[in-house]
Amino acid sequence: MAYTLPALPYDYTALEPHISKQTLEFHHDKHHAGYVSKYNDAIQGTDYDNQAIEDVIKAIAGDASKAGLFNNAAQAWNHSFYWNCIKPNGGGEPTGALAAKISADFGSYDAFKTEFLAAGGAQFGSGWAWLVLDNGTLKVTKTGNAGNPLTEGQVPLLTMDVWEHAYYLDYQNRRPDYAKTFVESLINWDFVAEQFAKATA
Ligand code: FE2
């Protein structure tokens, strides 16, 4: 079915000074909108038009003949997820059951933070850093380009876009500064905790 570009869950200026209005305008209105529109054009009149985008992503992952469709489908989904992973006055540390699980699986919040920042920094070129639930265990992973943990049977809980279009206008080549700001000032832990609760219900 046609995938709808979600409106940003906050105003274009809401993440300033960490992420500028200009970045959000290009990132949401041009990049994300472009993936959604190409995905919808590609599935129109095909069997994929009857499937949820998550099912399309899982069905065609790794099929070289469907790489173009996969890239637009996964990028459409990844960005919708990314917008929800951040919020004005975000960051800090998670609480409750998620905080306890992070301590249990990583040793501490600080150990998680170090691993997540390292994943974002180490992803060569474009891609995403993730916190996922993998067979009951929290893990930090990274994917290249449009990669999505759903294709590995993992449940995405949090993602950070490390494509240059996510940060270049505000941070230029300083991806580590963007990543540190993302973790310390932007993460929407309420959303992440909701994903965790759904995955463990
Ligand atoms: Fe992006």
# chains A, B, ... in the order shown; residues from 1 in each chain; ligands from 1

call {"tool": "residues_around", "arguments": {"residues": "segment 138-146 of chain A", "least_positions_apart": "3", "cutoff": "9 Å", "atoms": "only C-alpha atoms", "output": "ChimeraX atom specification"}}
result
/A:70-75,78,101-102,105-106,112,115-116,119-120,122-135,149,163

call {"tool": "residues_near_ligand", "arguments": {"ligand": "ligand 1", "cutoff": "10 Å", "atoms": "only C-alpha atoms and all ligand atoms", "output": "ChimeraX atom specification"}}
result
/A:24,26-28,30-32,35,75-76,78-80,82-83,126-128,145-146,160-167

call {"tool": "closest_residue", "arguments": {"among": "A:Lys87, A:Leu158, A:Phe196, A:Tyr48", "to": "Ile60 of chain A", "atoms": "only C-alpha atoms"}}
result
A:Tyr48

call {"tool": "select_by_dssp", "arguments": {"residues": "chain A", "states": "strand (DSSP E or B)", "output": "ChimeraX atom specification"}}
result
/A:86,127-134,137-144,155-161,187

call {"tool": "select_by_dssp", "arguments": {"residues": "segment 104-137 of chain A", "states": "alpha helix (DSSP H)", "output": "PDB file with N, CA and C atoms, in the first residue's frame"}}
result
ATOM      1  N   ALA A 104      21.873  -4.244  32.358  1.00  0.00           N
ATOM      2  CA  ALA A 104      22.095  -5.690  32.371  1.00  0.00           C
ATOM      3  C   ALA A 104      22.880  -6.145  31.145  1.00  0.00           C
ATOM      4  N   ASP A 105      22.557  -5.593  29.976  1.00  0.00           N
ATOM      5  CA  ASP A 105      23.140  -6.111  28.728  1.00  0.00           C
ATOM      6  C   ASP A 105      24.435  -5.403  28.305  1.00  0.00           C
ATOM      7  N   PHE A 106      24.610  -4.142  28.732  1.00  0.00           N
ATOM      8  CA  PHE A 106      25.837  -3.430  28.348  1.00  0.00           C
ATOM      9  C   PHE A 106      26.775  -3.228  29.536  1.00  0.00           C
ATOM     10  N   TYR A 109      24.829   2.418  31.477  1.00  0.00           N
ATOM     11  CA  TYR A 109      24.420   3.372  30.434  1.00  0.00           C
ATOM     12  C   TYR A 109      25.643   3.923  29.716  1.00  0.00           C
ATOM     13  N   ASP A 110      26.683   4.238  30.474  1.00  0.00           N
ATOM     14  CA  ASP A 110      27.885   4.809  29.852  1.00  0.00           C
ATOM     15  C   ASP A 110      28.517   3.840  28.853  1.00  0.00           C
ATOM     16  N   ALA A 111      28.480   2.557  29.166  1.00  0.00           N
ATOM     17  CA  ALA A 111      29.037   1.566  28.231  1.00  0.00           C
ATOM     18  C   ALA A 111      28.191   1.517  26.957  1.00  0.00           C
ATOM     19  N   PHE A 112      26.854   1.592  27.117  1.00  0.00           N
ATOM     20  CA  PHE A 112      25.980   1.664  25.941  1.00  0.00           C
ATOM     21  C   PHE A 112      26.323   2.895  25.108  1.00  0.00           C
ATOM     22  N   LYS A 113      26.427   4.029  25.786  1.00  0.00           N
ATOM     23  CA  LYS A 113      26.683   5.297  25.080  1.00  0.00           C
ATOM     24  C   LYS A 113      27.986   5.221  24.279  1.00  0.00           C
ATOM     25  N   THR A 114      29.032   4.692  24.910  1.00  0.00           N
ATOM     26  CA  THR A 114      30.325   4.566  24.231  1.00  0.00           C
ATOM     27  C   THR A 114      30.193   3.679  22.996  1.00  0.00           C
ATOM     28  N   GLU A 115      29.466   2.572  23.139  1.00  0.00           N
ATOM     29  CA  GLU A 115      29.322   1.638  22.016  1.00  0.00           C
ATOM     30  C   GLU A 115      28.491   2.246  20.894  1.00  0.00           C
ATOM     31  N   PHE A 116      27.429   2.965  21.260  1.00  0.00           N
ATOM     32  CA  PHE A 116      26.553   3.578  20.257  1.00  0.00           C
ATOM     33  C   PHE A 116      27.307   4.665  19.479  1.00  0.00           C
ATOM     34  N   LEU A 117      28.061   5.492  20.204  1.00  0.00           N
ATOM     35  CA  LEU A 117      28.848   6.543  19.537  1.00  0.00           C
ATOM     36  C   LEU A 117      29.902   5.919  18.630  1.00  0.00           C
ATOM     37  N   ALA A 118      30.490   4.830  19.083  1.00  0.00           N
ATOM     38  CA  ALA A 118      31.516   4.160  18.272  1.00  0.00           C
ATOM     39  C   ALA A 118      30.903   3.584  17.000  1.00  0.00           C
ATOM     40  N   ALA A 119      29.678   3.036  17.108  1.00  0.00           N
ATOM     41  CA  ALA A 119      29.018   2.463  15.928  1.00  0.00           C
ATOM     42  C   ALA A 119      28.739   3.560  14.907  1.00  0.00           C
ATOM     43  N   GLY A 120      28.258   4.704  15.377  1.00  0.00           N
ATOM     44  CA  GLY A 120      27.990   5.815  14.458  1.00  0.00           C
ATOM     45  C   GLY A 120      29.261   6.324  13.812  1.00  0.00           C
ATOM     46  N   GLY A 121      30.318   6.392  14.597  1.00  0.00           N
ATOM     47  CA  GLY A 121      31.582   6.900  14.065  1.00  0.00           C
ATOM     48  C   GLY A 121      32.247   5.922  13.126  1.00  0.00           C
ATOM     49  N   ALA A 122      32.073   4.629  13.396  1.00  0.00           N
ATOM     50  CA  ALA A 122      32.786   3.610  12.625  1.00  0.00           C
ATOM     51  C   ALA A 122      32.073   3.233  11.334  1.00  0.00           C
TER      52      ALA A 122
END

call {"tool": "closest_residue", "arguments": {"among": "A:Ser103, A:Asn188, A:Thr151, A:Thr159", "to": "Ala59 of chain A", "atoms": "only C-alpha atoms"}}
result
A:Thr151

call {"tool": "closest_residue", "arguments": {"among": "A:Asn89, A:Ser108, A:Thr137, A:Asn50", "to": "Ala14 of chain A", "atoms": "only C-alpha atoms"}}
result
A:Asn89

call {"tool": "closest_residue", "arguments": {"among": "A:Ala64, A:Ala197, A:Ala179, A:Ile57", "to": "Gly147 of chain A", "atoms": "only C-alpha atoms"}}
result
A:Ile57

call {"tool": "residues_around", "arguments": {"residues": "Pro88 of chain A", "least_positions_apart": "5", "cutoff": "12 Å", "atoms": "only C-alpha atoms", "output": "MDAnalysis selection string"}}
result
chainID A and resid 9:20 83 181:182 184:189

call {"tool": "atom_distance", "arguments": {"atom1": "atom CA of Leu157 of chain A", "atom2": "atom CA of Asn173 of chain A"}}
result
26.7 Å

call {"tool": "closest_residue", "arguments": {"among": "A:Ala100, A:Leu150, A:Ile86, A:Ala193", "to": "Leu8 of chain A", "atoms": "only C-alpha atoms"}}
result
A:Ile86

call {"tool": "atom_distance", "arguments": {"atom1": "atom CA of Cys85 of chain A", "atom2": "atom CA of Leu5 of chain A"}}
result
16.2 Å

call {"tool": "closest_residue", "arguments": {"among": "A:Leu169, A:Ala7, A:Leu69, A:Val183", "to": "Asp41 of chain A", "atoms": "only C-alpha atoms"}}
result
A:Leu69
